[in-house]
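Q: Below is the file start_13.cif, with mmCIF, C-alpha atoms and all ligand atoms.
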data_final
#
loop_
_atom_site.group_PDB
_atom_site.id
_atom_site.type_symbol
_atom_site.label_atom_id
_atom_site.label_comp_id
_atom_site.auth_asym_id
_atom_site.auth_seq_id
_atom_site.Cartn_x
_atom_site.Cartn_y
_atom_site.Cartn_z
ATOM 1 C CA MET A 293 -21.883 -2.396 31.509
ATOM 2 C CA LYS A 294 -22.965 1.060 30.313
ATOM 3 C CA ASN A 295 -19.618 2.402 29.042
ATOM 4 C CA LEU A 296 -16.071 1.149 28.533
ATOM 5 C CA LEU A 297 -13.915 4.045 29.677
ATOM 6 C CA SER A 298 -10.916 2.356 31.306
ATOM 7 C CA ILE A 299 -9.592 -0.925 32.647
ATOM 8 C CA GLU A 300 -9.453 0.814 36.027
ATOM 9 C CA GLN A 301 -13.258 1.012 36.101
ATOM 10 C CA LEU A 302 -13.839 -2.523 34.790
ATOM 11 C CA SER A 303 -14.348 -5.520 37.087
ATOM 12 C CA ALA A 304 -12.755 -8.930 36.601
ATOM 13 C CA ALA A 305 -16.231 -10.385 36.006
ATOM 14 C CA GLU A 306 -16.913 -7.838 33.233
ATOM 15 C CA MET A 307 -13.579 -8.659 31.606
ATOM 16 C CA LYS A 308 -14.319 -12.374 31.706
ATOM 17 C CA GLU A 309 -17.743 -11.790 30.165
ATOM 18 C CA ILE A 310 -16.080 -9.816 27.349
ATOM 19 C CA PHE A 311 -13.620 -12.687 26.744
ATOM 20 C CA SER A 312 -16.290 -15.392 26.632
ATOM 21 C CA THR A 313 -18.499 -13.276 24.341
ATOM 22 C CA ALA A 314 -15.478 -12.612 22.088
ATOM 23 C CA THR A 315 -14.818 -16.354 21.787
ATOM 24 C CA ARG A 316 -18.408 -16.829 20.626
ATOM 25 C CA VAL A 317 -18.536 -13.901 18.174
ATOM 26 C CA LYS A 318 -15.178 -14.943 16.720
ATOM 27 C CA ALA A 319 -16.483 -18.466 16.072
ATOM 28 C CA GLU A 320 -19.736 -17.104 14.619
ATOM 29 C CA ARG A 321 -18.094 -14.598 12.249
ATOM 30 C CA GLY A 322 -19.804 -14.712 8.845
ATOM 31 C CA CYS A 323 -22.865 -16.537 10.170
ATOM 32 C CA HIS A 324 -24.163 -14.273 12.944
ATOM 33 C CA VAL A 325 -27.709 -15.149 13.895
ATOM 34 C CA ASP A 326 -28.404 -11.968 15.822
ATOM 35 C CA GLN A 327 -27.583 -8.417 14.799
ATOM 36 C CA PRO A 328 -27.645 -6.566 18.136
ATOM 37 C CA LEU A 329 -26.896 -3.156 16.603
ATOM 38 C CA ARG A 330 -29.595 -3.334 13.914
ATOM 39 C CA GLY A 331 -31.259 0.072 13.460
ATOM 40 C CA GLN A 332 -28.463 1.861 15.353
ATOM 41 C CA THR A 333 -25.949 4.473 14.188
ATOM 42 C CA TRP A 334 -22.645 4.777 16.037
ATOM 43 C CA ALA A 335 -20.193 7.675 15.807
ATOM 44 C CA LEU A 336 -16.420 7.293 15.831
ATOM 45 C CA ILE A 337 -14.899 10.598 16.975
ATOM 46 C CA PHE A 338 -11.113 10.545 16.564
ATOM 47 C CA SER A 339 -8.595 13.293 17.412
ATOM 48 C CA LYS A 340 -5.582 11.030 16.735
ATOM 49 C CA SER A 341 -4.513 8.748 13.852
ATOM 50 C CA SER A 342 -5.621 5.115 13.752
ATOM 51 C CA THR A 343 -5.490 2.077 11.499
ATOM 52 C CA ARG A 344 -6.495 -0.924 13.635
ATOM 53 C CA THR A 345 -8.948 0.754 15.995
ATOM 54 C CA ARG A 346 -10.798 2.626 13.285
ATOM 55 C CA VAL A 347 -11.035 -0.308 10.862
ATOM 56 C CA SER A 348 -11.968 -2.866 13.537
ATOM 57 C CA PHE A 349 -14.718 -0.664 14.983
ATOM 58 C CA GLU A 350 -16.113 0.278 11.566
ATOM 59 C CA VAL A 351 -16.193 -3.353 10.410
ATOM 60 C CA GLY A 352 -17.421 -4.609 13.804
ATOM 61 C CA ILE A 353 -20.344 -2.178 14.036
ATOM 62 C CA ARG A 354 -21.438 -3.074 10.486
ATOM 63 C CA GLU A 355 -21.142 -6.820 11.146
ATOM 64 C CA LEU A 356 -23.407 -6.380 14.181
ATOM 65 C CA GLY A 357 -26.046 -4.761 11.942
ATOM 66 C CA GLY A 358 -25.329 -1.115 12.810
ATOM 67 C CA ASP A 359 -24.379 1.912 10.754
ATOM 68 C CA VAL A 360 -21.280 3.947 11.524
ATOM 69 C CA MET A 361 -20.011 7.473 10.865
ATOM 70 C CA PHE A 362 -16.368 8.451 11.216
ATOM 71 C CA LEU A 363 -15.797 11.990 12.458
ATOM 72 C CA ASN A 364 -12.353 13.503 12.519
ATOM 73 C CA ALA A 365 -12.544 15.758 15.579
ATOM 74 C CA ASN A 366 -11.015 18.586 13.543
ATOM 75 C CA ASP A 367 -13.829 18.444 10.980
ATOM 76 C CA ILE A 368 -16.592 19.011 13.526
ATOM 77 C CA GLN A 369 -17.093 22.106 15.686
ATOM 78 C CA LEU A 370 -15.235 20.377 18.528
ATOM 79 C CA GLY A 371 -12.058 21.228 16.631
ATOM 80 C CA ARG A 372 -13.024 24.931 16.734
ATOM 81 C CA GLY A 373 -13.586 24.893 20.476
ATOM 82 C CA GLU A 374 -17.190 23.744 20.972
ATOM 83 C CA PRO A 375 -17.243 22.190 24.458
ATOM 84 C CA ILE A 376 -17.260 18.399 24.829
ATOM 85 C CA LYS A 377 -20.410 18.556 26.934
ATOM 86 C CA ASP A 378 -22.344 20.390 24.198
ATOM 87 C CA THR A 379 -21.052 18.036 21.489
ATOM 88 C CA ALA A 380 -22.055 15.104 23.722
ATOM 89 C CA ARG A 381 -25.578 16.435 24.333
ATOM 90 C CA VAL A 382 -26.133 16.867 20.578
ATOM 91 C CA MET A 383 -24.708 13.482 19.630
ATOM 92 C CA GLY A 384 -26.644 11.790 22.441
ATOM 93 C CA ARG A 385 -29.905 12.855 20.834
ATOM 94 C CA MET A 386 -28.955 11.503 17.416
ATOM 95 C CA VAL A 387 -26.649 8.483 17.596
ATOM 96 C CA HIS A 388 -26.848 5.309 19.663
ATOM 97 C CA GLY A 389 -23.237 5.049 20.809
ATOM 98 C CA ALA A 390 -19.817 6.683 20.497
ATOM 99 C CA VAL A 391 -16.253 5.436 20.175
ATOM 100 C CA ILE A 392 -13.752 8.152 21.072
ATOM 101 C CA ARG A 393 -9.986 8.466 20.546
ATOM 102 C CA THR A 394 -8.545 11.583 22.114
ATOM 103 C CA PHE A 395 -5.949 13.047 24.479
ATOM 104 C CA ALA A 396 -7.489 13.648 27.915
ATOM 105 C CA GLN A 397 -9.204 10.777 29.745
ATOM 106 C CA HIS A 398 -11.460 13.404 31.298
ATOM 107 C CA ASP A 399 -12.896 14.237 27.851
ATOM 108 C CA VAL A 400 -14.122 10.663 27.281
ATOM 109 C CA GLU A 401 -15.639 10.582 30.753
ATOM 110 C CA GLU A 402 -17.363 13.928 30.242
ATOM 111 C CA PHE A 403 -18.710 12.776 26.886
ATOM 112 C CA ALA A 404 -20.158 9.632 28.483
ATOM 113 C CA GLU A 405 -21.759 11.654 31.272
ATOM 114 C CA PHE A 406 -23.385 14.301 29.069
ATOM 115 C CA SER A 407 -24.334 12.188 26.039
ATOM 116 C CA ASN A 408 -26.020 9.463 28.061
ATOM 117 C CA ILE A 409 -25.226 6.975 25.291
ATOM 118 C CA PRO A 410 -22.805 4.023 25.514
ATOM 119 C CA THR A 411 -19.295 5.436 25.132
ATOM 120 C CA ILE A 412 -16.107 3.492 24.425
ATOM 121 C CA ASN A 413 -12.545 4.724 25.033
ATOM 122 C CA ALA A 414 -10.627 3.978 21.819
ATOM 123 C CA LEU A 415 -7.368 5.342 23.387
ATOM 124 C CA THR A 416 -6.584 8.342 25.523
ATOM 125 C CA ASP A 417 -3.276 9.522 26.984
ATOM 126 C CA ASP A 418 -4.142 7.534 30.137
ATOM 127 C CA GLU A 419 -5.491 4.207 28.903
ATOM 128 C CA HIS A 420 -6.113 1.945 25.890
ATOM 129 C CA PRO A 421 -8.644 -0.513 27.349
ATOM 130 C CA CYS A 422 -9.785 -2.181 24.093
ATOM 131 C CA GLN A 423 -6.157 -2.989 23.298
ATOM 132 C CA ILE A 424 -5.364 -4.615 26.632
ATOM 133 C CA LEU A 425 -8.598 -6.625 26.669
ATOM 134 C CA THR A 426 -7.609 -7.920 23.237
ATOM 135 C CA ASP A 427 -4.054 -8.670 24.342
ATOM 136 C CA ILE A 428 -5.223 -10.738 27.293
ATOM 137 C CA PHE A 429 -7.833 -12.508 25.154
ATOM 138 C CA THR A 430 -5.072 -13.367 22.642
ATOM 139 C CA PHE A 431 -2.712 -14.585 25.366
ATOM 140 C CA GLU A 432 -5.395 -16.852 26.852
ATOM 141 C CA GLU A 433 -6.417 -18.161 23.434
ATOM 142 C CA LYS A 434 -2.826 -19.313 22.856
ATOM 143 C CA ASN A 435 -1.418 -20.132 26.298
ATOM 144 C CA GLY A 436 -4.394 -20.525 28.664
ATOM 145 C CA PRO A 437 -5.386 -18.489 31.732
ATOM 146 C CA ILE A 438 -3.213 -15.452 32.417
ATOM 147 C CA ALA A 439 -3.720 -15.722 36.200
ATOM 148 C CA GLY A 440 -0.428 -16.635 37.854
ATOM 149 C CA LYS A 441 1.612 -15.847 34.728
ATOM 150 C CA VAL A 442 4.399 -13.270 34.337
ATOM 151 C CA VAL A 443 4.023 -10.432 31.820
ATOM 152 C CA THR A 444 6.998 -8.170 31.044
ATOM 153 C CA PHE A 445 6.433 -4.794 29.437
ATOM 154 C CA VAL A 446 9.534 -3.241 27.842
ATOM 155 C CA GLY A 447 9.834 0.416 26.778
ATOM 156 C CA ASP A 448 7.842 3.522 27.710
ATOM 157 C CA GLY A 449 6.310 2.143 30.888
ATOM 158 C CA ALA A 450 4.258 5.226 31.672
ATOM 159 C CA CYS A 451 2.102 5.538 28.529
ATOM 160 C CA ASN A 452 -1.511 4.425 27.979
ATOM 161 C CA VAL A 453 -0.817 0.784 27.045
ATOM 162 C CA PRO A 454 1.281 -0.203 30.109
ATOM 163 C CA VAL A 455 -1.091 1.774 32.362
ATOM 164 C CA SER A 456 -4.026 -0.345 31.177
ATOM 165 C CA TRP A 457 -1.858 -3.449 31.742
ATOM 166 C CA ILE A 458 -1.160 -2.222 35.296
ATOM 167 C CA PHE A 459 -4.864 -1.988 36.128
ATOM 168 C CA ALA A 460 -5.511 -5.427 34.596
ATOM 169 C CA ALA A 461 -2.786 -7.131 36.656
ATOM 170 C CA ALA A 462 -4.494 -6.918 40.050
ATOM 171 C CA LYS A 463 -7.927 -7.732 38.647
ATOM 172 C CA LEU A 464 -6.829 -10.859 36.772
ATOM 173 C CA GLY A 465 -4.085 -12.012 39.142
ATOM 174 C CA PHE A 466 -0.931 -12.001 37.022
ATOM 175 C CA GLU A 467 2.481 -10.530 37.744
ATOM 176 C CA LEU A 468 3.479 -7.494 35.684
ATOM 177 C CA ARG A 469 7.084 -6.336 35.390
ATOM 178 C CA ILE A 470 7.848 -3.021 33.736
ATOM 179 C CA ALA A 471 11.344 -2.578 32.316
ATOM 180 C CA ALA A 472 11.873 1.114 31.581
ATOM 181 C CA PRO A 473 14.309 3.936 32.332
ATOM 182 C CA ARG A 474 13.329 5.683 35.558
ATOM 183 C CA ALA A 475 11.840 8.677 33.743
ATOM 184 C CA PHE A 476 9.532 6.333 31.837
ATOM 185 C CA GLN A 477 8.244 4.320 34.766
ATOM 186 C CA PRO A 478 4.689 4.794 36.085
ATOM 187 C CA SER A 479 4.290 6.934 39.209
ATOM 188 C CA PRO A 480 4.219 5.254 42.654
ATOM 189 C CA GLU A 481 0.759 6.851 43.206
ATOM 190 C CA LEU A 482 -0.623 5.084 40.140
ATOM 191 C CA LEU A 483 0.902 1.753 41.190
ATOM 192 C CA LYS A 484 -0.600 2.156 44.643
ATOM 193 C CA ARG A 485 -4.021 2.980 43.183
ATOM 194 C CA ALA A 486 -3.913 -0.107 40.973
ATOM 195 C CA GLY A 487 -2.614 -2.582 43.573
ATOM 196 C CA GLY A 488 -1.614 -6.078 42.502
ATOM 197 C CA SER A 489 1.809 -7.485 41.759
ATOM 198 C CA VAL A 490 3.489 -4.827 39.606
ATOM 199 C CA SER A 491 7.208 -4.062 39.754
ATOM 200 C CA CYS A 492 9.389 -1.571 37.876
ATOM 201 C CA THR A 493 13.063 -1.918 37.034
ATOM 202 C CA GLU A 494 15.695 -0.486 34.724
ATOM 203 C CA ASN A 495 17.168 -3.976 34.332
ATOM 204 C CA LEU A 496 15.363 -5.508 31.363
ATOM 205 C CA MET A 497 17.232 -8.836 31.430
ATOM 206 C CA GLU A 498 16.095 -9.368 35.024
ATOM 207 C CA ALA A 499 12.530 -8.344 34.103
ATOM 208 C CA ALA A 500 12.421 -10.871 31.254
ATOM 209 C CA ALA A 501 13.717 -13.835 33.270
ATOM 210 C CA GLY A 502 11.083 -16.580 33.333
ATOM 211 C CA SER A 503 8.465 -14.343 31.702
ATOM 212 C CA ASP A 504 5.460 -15.779 29.840
ATOM 213 C CA LEU A 505 4.854 -12.729 27.656
ATOM 214 C CA LEU A 506 7.204 -10.030 26.384
ATOM 215 C CA TYR A 507 5.226 -6.976 25.320
ATOM 216 C CA THR A 508 6.188 -3.608 23.898
ATOM 217 C CA ASP A 509 4.723 -0.426 22.450
ATOM 218 C CA VAL A 510 6.136 2.569 20.560
ATOM 219 C CA TRP A 511 8.678 4.803 22.311
ATOM 220 C CA VAL A 512 6.951 7.935 21.002
ATOM 221 C CA SER A 513 3.211 7.877 21.600
ATOM 222 C CA MET A 514 0.810 10.087 19.662
ATOM 223 C CA GLY A 515 0.985 13.601 21.039
ATOM 224 C CA LYS A 516 4.613 13.185 22.201
ATOM 225 C CA GLU A 517 6.245 13.842 18.847
ATOM 226 C CA SER A 518 8.042 16.973 20.087
ATOM 227 C CA GLU A 519 9.910 14.745 22.613
ATOM 228 C CA SER A 520 10.978 12.271 19.925
ATOM 229 C CA ALA A 521 14.746 12.830 19.987
ATOM 230 C CA GLU A 522 14.990 12.766 23.804
ATOM 231 C CA ARG A 523 12.774 9.681 24.072
ATOM 232 C CA ILE A 524 14.801 7.765 21.495
ATOM 233 C CA LYS A 525 17.981 8.712 23.347
ATOM 234 C CA GLN A 526 16.701 7.572 26.732
ATOM 235 C CA LEU A 527 14.833 4.471 25.582
ATOM 236 C CA THR A 528 17.559 3.075 23.337
ATOM 237 C CA GLY A 529 18.334 -0.455 24.503
ATOM 238 C CA TYR A 530 14.829 -1.099 25.862
ATOM 239 C CA GLN A 531 14.167 -3.453 22.986
ATOM 240 C CA ILE A 532 12.641 -6.905 22.531
ATOM 241 C CA ASN A 533 15.221 -8.984 20.655
ATOM 242 C CA ALA A 534 16.653 -12.520 20.615
ATOM 243 C CA LEU A 535 18.937 -11.850 23.598
ATOM 244 C CA LEU A 536 16.019 -10.720 25.752
ATOM 245 C CA LEU A 537 13.747 -13.509 24.534
ATOM 246 C CA ALA A 538 16.406 -16.076 25.532
ATOM 247 C CA LYS A 539 15.796 -15.050 29.170
ATOM 248 C CA ALA A 540 12.026 -15.686 28.985
ATOM 249 C CA ASN A 541 10.203 -19.010 29.269
ATOM 250 C CA PRO A 542 10.633 -21.216 26.168
ATOM 251 C CA SER A 543 6.869 -20.936 25.501
ATOM 252 C CA ALA A 544 6.841 -17.128 25.959
ATOM 253 C CA LEU A 545 4.788 -15.085 23.516
ATOM 254 C CA VAL A 546 5.936 -11.797 22.001
ATOM 255 C CA MET A 547 3.261 -9.171 21.430
ATOM 256 C CA HIS A 548 3.136 -5.615 20.128
ATOM 257 C CA CYS A 549 0.036 -3.420 19.992
ATOM 258 C CA LEU A 550 1.311 -1.886 16.700
ATOM 259 C CA PRO A 551 2.354 0.208 14.852
ATOM 260 C CA ALA A 552 5.886 -1.228 15.261
ATOM 261 C CA TYR A 553 9.140 0.625 14.733
ATOM 262 C CA ARG A 554 11.763 -1.964 13.847
ATOM 263 C CA GLY A 555 15.176 -1.313 15.319
ATOM 264 C CA LYS A 556 13.615 0.709 18.145
ATOM 265 C CA GLU A 557 11.292 -1.097 20.625
ATOM 266 C CA ILE A 558 11.666 -4.440 18.762
ATOM 267 C CA ASP A 559 14.181 -5.709 16.240
ATOM 268 C CA ALA A 560 13.054 -6.791 12.767
ATOM 269 C CA GLU A 561 13.989 -10.481 13.219
ATOM 270 C CA THR A 562 12.062 -10.919 16.457
ATOM 271 C CA PHE A 563 9.082 -9.046 15.034
ATOM 272 C CA GLU A 564 8.943 -11.277 11.939
ATOM 273 C CA SER A 565 9.461 -14.521 13.849
ATOM 274 C CA HIS A 566 6.490 -13.614 16.094
ATOM 275 C CA ALA A 567 4.367 -12.013 13.369
ATOM 276 C CA SER A 568 1.716 -14.715 13.520
ATOM 277 C CA THR A 569 0.991 -13.900 17.202
ATOM 278 C CA ILE A 570 1.226 -10.146 16.611
ATOM 279 C CA PHE A 571 -1.226 -10.177 13.696
ATOM 280 C CA ASP A 572 -3.608 -12.586 15.481
ATOM 281 C CA GLN A 573 -3.498 -9.969 18.246
ATOM 282 C CA ALA A 574 -4.366 -7.253 15.693
ATOM 283 C CA GLU A 575 -7.223 -9.347 14.228
ATOM 284 C CA ASN A 576 -8.616 -10.016 17.691
ATOM 285 C CA ARG A 577 -9.318 -6.290 18.096
ATOM 286 C CA LEU A 578 -12.292 -6.922 15.816
ATOM 287 C CA HIS A 579 -13.682 -9.876 17.791
ATOM 288 C CA VAL A 580 -13.129 -8.378 21.242
ATOM 289 C CA GLN A 581 -14.646 -5.025 20.280
ATOM 290 C CA LYS A 582 -17.673 -6.769 18.746
ATOM 291 C CA ALA A 583 -18.094 -8.458 22.131
ATOM 292 C CA ILE A 584 -17.839 -5.075 23.893
ATOM 293 C CA LEU A 585 -20.364 -3.521 21.489
ATOM 294 C CA SER A 586 -22.816 -6.389 22.039
ATOM 295 C CA LEU A 587 -22.515 -6.078 25.808
ATOM 296 C CA ILE A 588 -22.774 -2.311 26.224
ATOM 297 C CA ARG A 589 -25.439 -1.377 23.712
ATOM 298 C CA LYS A 590 -28.472 0.362 25.191
HETATM 299 N N1 LIG A 601 -2.994 -0.592 18.307
HETATM 300 C C1 LIG A 601 -3.766 0.426 17.877
HETATM 301 O O1 LIG A 601 -4.604 0.971 18.598
HETATM 302 O O2 LIG A 601 -3.554 0.737 16.571
HETATM 303 P P1 LIG A 601 -4.113 2.040 15.825
HETATM 304 O O3 LIG A 601 -3.445 3.241 16.430
HETATM 305 O O4 LIG A 601 -3.724 1.835 14.373
HETATM 306 O O5 LIG A 601 -5.602 2.095 15.985
HETATM 307 N N1 LIG A 602 1.102 4.308 23.140
HETATM 308 C C1 LIG A 602 0.713 4.397 21.758
HETATM 309 C C2 LIG A 602 -0.300 3.346 21.429
HETATM 310 C C3 LIG A 602 -0.643 3.263 19.965
HETATM 311 C C4 LIG A 602 -1.688 2.245 19.690
HETATM 312 C C5 LIG A 602 0.173 5.789 21.469
HETATM 313 O O1 LIG A 602 -0.541 6.349 22.309
HETATM 314 O O2 LIG A 602 0.482 6.325 20.395
#
Would you encode the structure as structure tokens?
Ligand code: CP
Ligand code: NVA

A:
Amino acid sequence: MKNLLSIEQLSAAEMKEIFSTATRVKAERGCHVDQPLRGQTWALIFSKSSTRTRVSFEVGIRELGGDVMFLNANDIQLGRGEPIKDTARVMGRMVHGAVIRTFAQHDVEEFAEFSNIPTINALTDDEHPCQILTDIFTFEEKNGPIAGKVVTFVGDGACNVPVSWIFAAAKLGFELRIAAPRAFQPSPELLKRAGGSVSCTENLMEAAAGSDLLYTDVWVSMGKESESAERIKQLTGYQINALLLAKANPSALVMHCLPAYRGKEIDAETFESHASTIFDQAENRLHVQKAILSLIRK
């Protein structure tokens, strides 16, 4: 694996290798025998805010023996209009790998192509692959293989997080149900491209029935702030709460990629009663990304 740009471009075998490596690096934390990134410097280039992704990559790269520099995209010439492909060709001659959070998926792909160094998508408007790999790893750690299970996504079903879930569904053989207002459902073209067992409905109670995992994300993704009022209006009601959870399997997990907005996509009581899963999920970003870094280094 040279880059990690999307779940769409990842094979089931690559995902499984990431999961088994993550299990090992998680168990070895604090007593790593090998430091695969020793002597390397990695750049984190972020155009959007981040808590979990930034901290987990910075800590992970250091724990694997590497050095890391955080670059706010606005502080480098990229923010003043220097082309991605020039930035990539410069960085490629100096650093050993790049972790990029930005808007357009195309920008991450262009960076990977022109830098010729391992490049990781740390969230774009289209996908959030590190998040979904971590979510599936966390599910399997707690409830066993995800193949054959039912996952229900509630909320903005067309943003990066559900899109990465959509591409994972066919590859790993689970059923994905998206409960969202029609305007926030993924396009039929995308569903066709992804294949697998993915359905969309406006009826969230029906979508939750017999589900093994209820999952949600913010209603207003980064970059969509100007649509805030309209999104809140249309998405109101698409919430994980006790009523919805009562429809799911008794052993169902509740997950949230975070940050969480209580009273919007999840209510405070359900969030707190599932906080141990949700914060295990957040911690697992570190272990899964260390696995990715170990597998894609040059
Ligand atoms: N879930 C996630 O990616 O969190 P951050 O935006 O804080 O990195
Ligand atoms: N869909 C959210 C995910 C945050 C981790 C966003 O893009 O802001």

Q: Which residues form the shell of 9 Å around ligand LIG 602 (chain A) when you count all atoms listed in the file, given as an mmCIF file with C-alpha atoms, in the coordinates of the input?

A:
data_model
loop_
_atom_site.group_PDB
_atom_site.id
_atom_site.type_symbol
_atom_site.label_atom_id
_atom_site.label_comp_id
_atom_site.auth_asym_id
_atom_site.auth_seq_id
_atom_site.Cartn_x
_atom_site.Cartn_y
_atom_site.Cartn_z
ATOM 1 C CA LYS A 340 -5.582 11.030 16.735
ATOM 2 C CA SER A 341 -4.513 8.748 13.852
ATOM 3 C CA SER A 342 -5.621 5.115 13.752
ATOM 4 C CA ARG A 344 -6.495 -0.924 13.635
ATOM 5 C CA THR A 345 -8.948 0.754 15.995
ATOM 6 C CA PHE A 395 -5.949 13.047 24.479
ATOM 7 C CA LEU A 415 -7.368 5.342 23.387
ATOM 8 C CA THR A 416 -6.584 8.342 25.523
ATOM 9 C CA ASP A 417 -3.276 9.522 26.984
ATOM 10 C CA ASP A 418 -4.142 7.534 30.137
ATOM 11 C CA GLU A 419 -5.491 4.207 28.903
ATOM 12 C CA HIS A 420 -6.113 1.945 25.890
ATOM 13 C CA GLN A 423 -6.157 -2.989 23.298
ATOM 14 C CA ASP A 448 7.842 3.522 27.710
ATOM 15 C CA CYS A 451 2.102 5.538 28.529
ATOM 16 C CA ASN A 452 -1.511 4.425 27.979
ATOM 17 C CA VAL A 453 -0.817 0.784 27.045
ATOM 18 C CA PRO A 454 1.281 -0.203 30.109
ATOM 19 C CA ASP A 509 4.723 -0.426 22.450
ATOM 20 C CA VAL A 510 6.136 2.569 20.560
ATOM 21 C CA TRP A 511 8.678 4.803 22.311
ATOM 22 C CA VAL A 512 6.951 7.935 21.002
ATOM 23 C CA SER A 513 3.211 7.877 21.600
ATOM 24 C CA MET A 514 0.810 10.087 19.662
ATOM 25 C CA GLY A 515 0.985 13.601 21.039
ATOM 26 C CA LYS A 516 4.613 13.185 22.201
ATOM 27 C CA CYS A 549 0.036 -3.420 19.992
ATOM 28 C CA LEU A 550 1.311 -1.886 16.700
ATOM 29 C CA PRO A 551 2.354 0.208 14.852
#

Q: For ligand LIG 601 (chain A), which of A:Tyr530, A:Phe571, A:Phe311, A:Phe466 is the closest residue, counting only C-alpha atoms and all ligand atoms?

A: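 Of the candidates, the smallest distance to ligand LIG 601 (chain A) is held by A:Phe571.
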
Q: Can you pull out the residues contacting Glu467 in chain A? Cut-off 12 Å, using all atoms listed in the file, and skip same-chain residues under 5 positions away; I want them as a ChimeraX atom specification.

A: /A:438-445,457-462,487-492,499-500,502-505

Q: Report the distance between CA of Asp378 in chain A and CA of Phe406 in chain A in Å, rounded to one decimal place.

A: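 Computing it gives 7.9 Å between the two atoms.
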
Q: Between A:Met293, A:Glu402, A:Ala305, A:Gly357, which residue has the minimum interatomic distance to Asp326 in chain A, considering all atoms listed in the file?

A: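 Closest to Asp326 in chain A, using all atoms listed in the file: A:Gly357.
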
Q: Can you give me, as JSON, numbers by chain, the residues this file yields under the PyMOL selection byres (((chain A and resi 534) around 10) and not hetatm)?

A: {"A": [531, 532, 533, 535, 536, 537, 538, 539, 558, 559, 561, 562]}

Q: Calculated over all atoms listed in the file, which of the candidates A:Arg485, A:Arg523, A:Arg346, A:Arg393 has the smallest distance to ligand LIG 601 (chain A)?

A: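 Answer, going by the shortest atom-to-atom distance: A:Arg346.
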
Q: Can you tell me how far CA of Gly449 in chain A sits from CA of Ile470 in chain A, in Å to one decimal?

A: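 Here the two named atoms are 6.1 Å from each other.
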
Q: Which of these residues is nearest to ligand LIG 601 (chain A), using all atoms listed in the file: A:Lys294, A:Arg381, A:Arg469, A:Arg577?

A: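 Closest residue, counting all atoms listed in the file: A:Arg577.
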
Q: Identify, on the basis of all atoms listed in the file, every residue whose closest approach to Met307 in chain A does not exceed 9 Å; exclude the query and any residue fewer than 6 positions from it along the same chain; express the result as a PyMOL selection string.

A: chain A and resi 299+425+464

Q: Rounded to one decimal, what separation in Å do you get between CA of Lys318 in chain A and CA of Ile570 in chain A?

A: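 CA of Lys318 in chain A sits 17.1 Å away from CA of Ile570 in chain A.
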
Q: Take the PyMOL selection byres (((chain A and resi 370) around 12) and not hetatm), apply it to the structure above, and return the hits as a ChimeraX atom specification.

A: /A:337-339,363-369,371-380,382-383,394,399,403

Q: Mind telling me what the PyMOL selection byres (((chain A and resi 582) around 9) and not hetatm) catches here, as a ChimeraX atom specification?

A: /A:313-314,317-318,348-349,352-353,355-356,577-581,583-587

Q: Kindly save the residues from that selection, with C-alpha atoms included, as a CSV table (one decimal), in the coordinates of the input.

A:
chain,number,residue,atom,x,y,z
A,313,THR,CA,-18.5,-13.3,24.3
A,314,ALA,CA,-15.5,-12.6,22.1
A,317,VAL,CA,-18.5,-13.9,18.2
A,318,LYS,CA,-15.2,-14.9,16.7
A,348,SER,CA,-12.0,-2.9,13.5
A,349,PHE,CA,-14.7,-0.7,15.0
A,352,GLY,CA,-17.4,-4.6,13.8
A,353,ILE,CA,-20.3,-2.2,14.0
A,355,GLU,CA,-21.1,-6.8,11.1
A,356,LEU,CA,-23.4,-6.4,14.2
A,577,ARG,CA,-9.3,-6.3,18.1
A,578,LEU,CA,-12.3,-6.9,15.8
A,579,HIS,CA,-13.7,-9.9,17.8
A,580,VAL,CA,-13.1,-8.4,21.2
A,581,GLN,CA,-14.6,-5.0,20.3
A,583,ALA,CA,-18.1,-8.5,22.1
A,584,ILE,CA,-17.8,-5.1,23.9
A,585,LEU,CA,-20.4,-3.5,21.5
A,586,SER,CA,-22.8,-6.4,22.0
A,587,LEU,CA,-22.5,-6.1,25.8

Q: Copy range 358-365 of chain A out of the block into a file, keeping N, CA and C atoms, as a PDB file, in the first residue's frame.

A:
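out_22.pdb, written as the output of this step:
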ATOM      1  N   GLY A 358       9.318   8.541  14.425  1.00  0.00           N
ATOM      2  CA  GLY A 358       9.469   9.625  13.448  1.00  0.00           C
ATOM      3  C   GLY A 358       9.327  11.005  14.081  1.00  0.00           C
ATOM      4  N   ASP A 359       9.625  12.001  13.267  1.00  0.00           N
ATOM      5  CA  ASP A 359       9.444  13.399  13.668  1.00  0.00           C
ATOM      6  C   ASP A 359       8.258  13.925  12.858  1.00  0.00           C
ATOM      7  N   VAL A 360       7.598  14.967  13.372  1.00  0.00           N
ATOM      8  CA  VAL A 360       6.401  15.428  12.687  1.00  0.00           C
ATOM      9  C   VAL A 360       6.336  16.951  12.706  1.00  0.00           C
ATOM     10  N   MET A 361       5.874  17.539  11.592  1.00  0.00           N
ATOM     11  CA  MET A 361       5.648  18.995  11.593  1.00  0.00           C
ATOM     12  C   MET A 361       4.200  19.246  11.196  1.00  0.00           C
ATOM     13  N   PHE A 362       3.553  20.134  11.962  1.00  0.00           N
ATOM     14  CA  PHE A 362       2.163  20.477  11.657  1.00  0.00           C
ATOM     15  C   PHE A 362       2.146  21.768  10.867  1.00  0.00           C
ATOM     16  N   LEU A 363       1.521  21.749   9.703  1.00  0.00           N
ATOM     17  CA  LEU A 363       1.445  22.941   8.863  1.00  0.00           C
ATOM     18  C   LEU A 363      -0.015  23.306   8.639  1.00  0.00           C
ATOM     19  N   ASN A 364      -0.405  24.450   9.153  1.00  0.00           N
ATOM     20  CA  ASN A 364      -1.724  24.969   8.820  1.00  0.00           C
ATOM     21  C   ASN A 364      -1.634  25.453   7.376  1.00  0.00           C
ATOM     22  N   ALA A 365      -2.510  24.965   6.524  1.00  0.00           N
ATOM     23  CA  ALA A 365      -2.403  25.276   5.088  1.00  0.00           C
ATOM     24  C   ALA A 365      -2.374  26.785   4.834  1.00  0.00           C
TER      25      ALA A 365
END
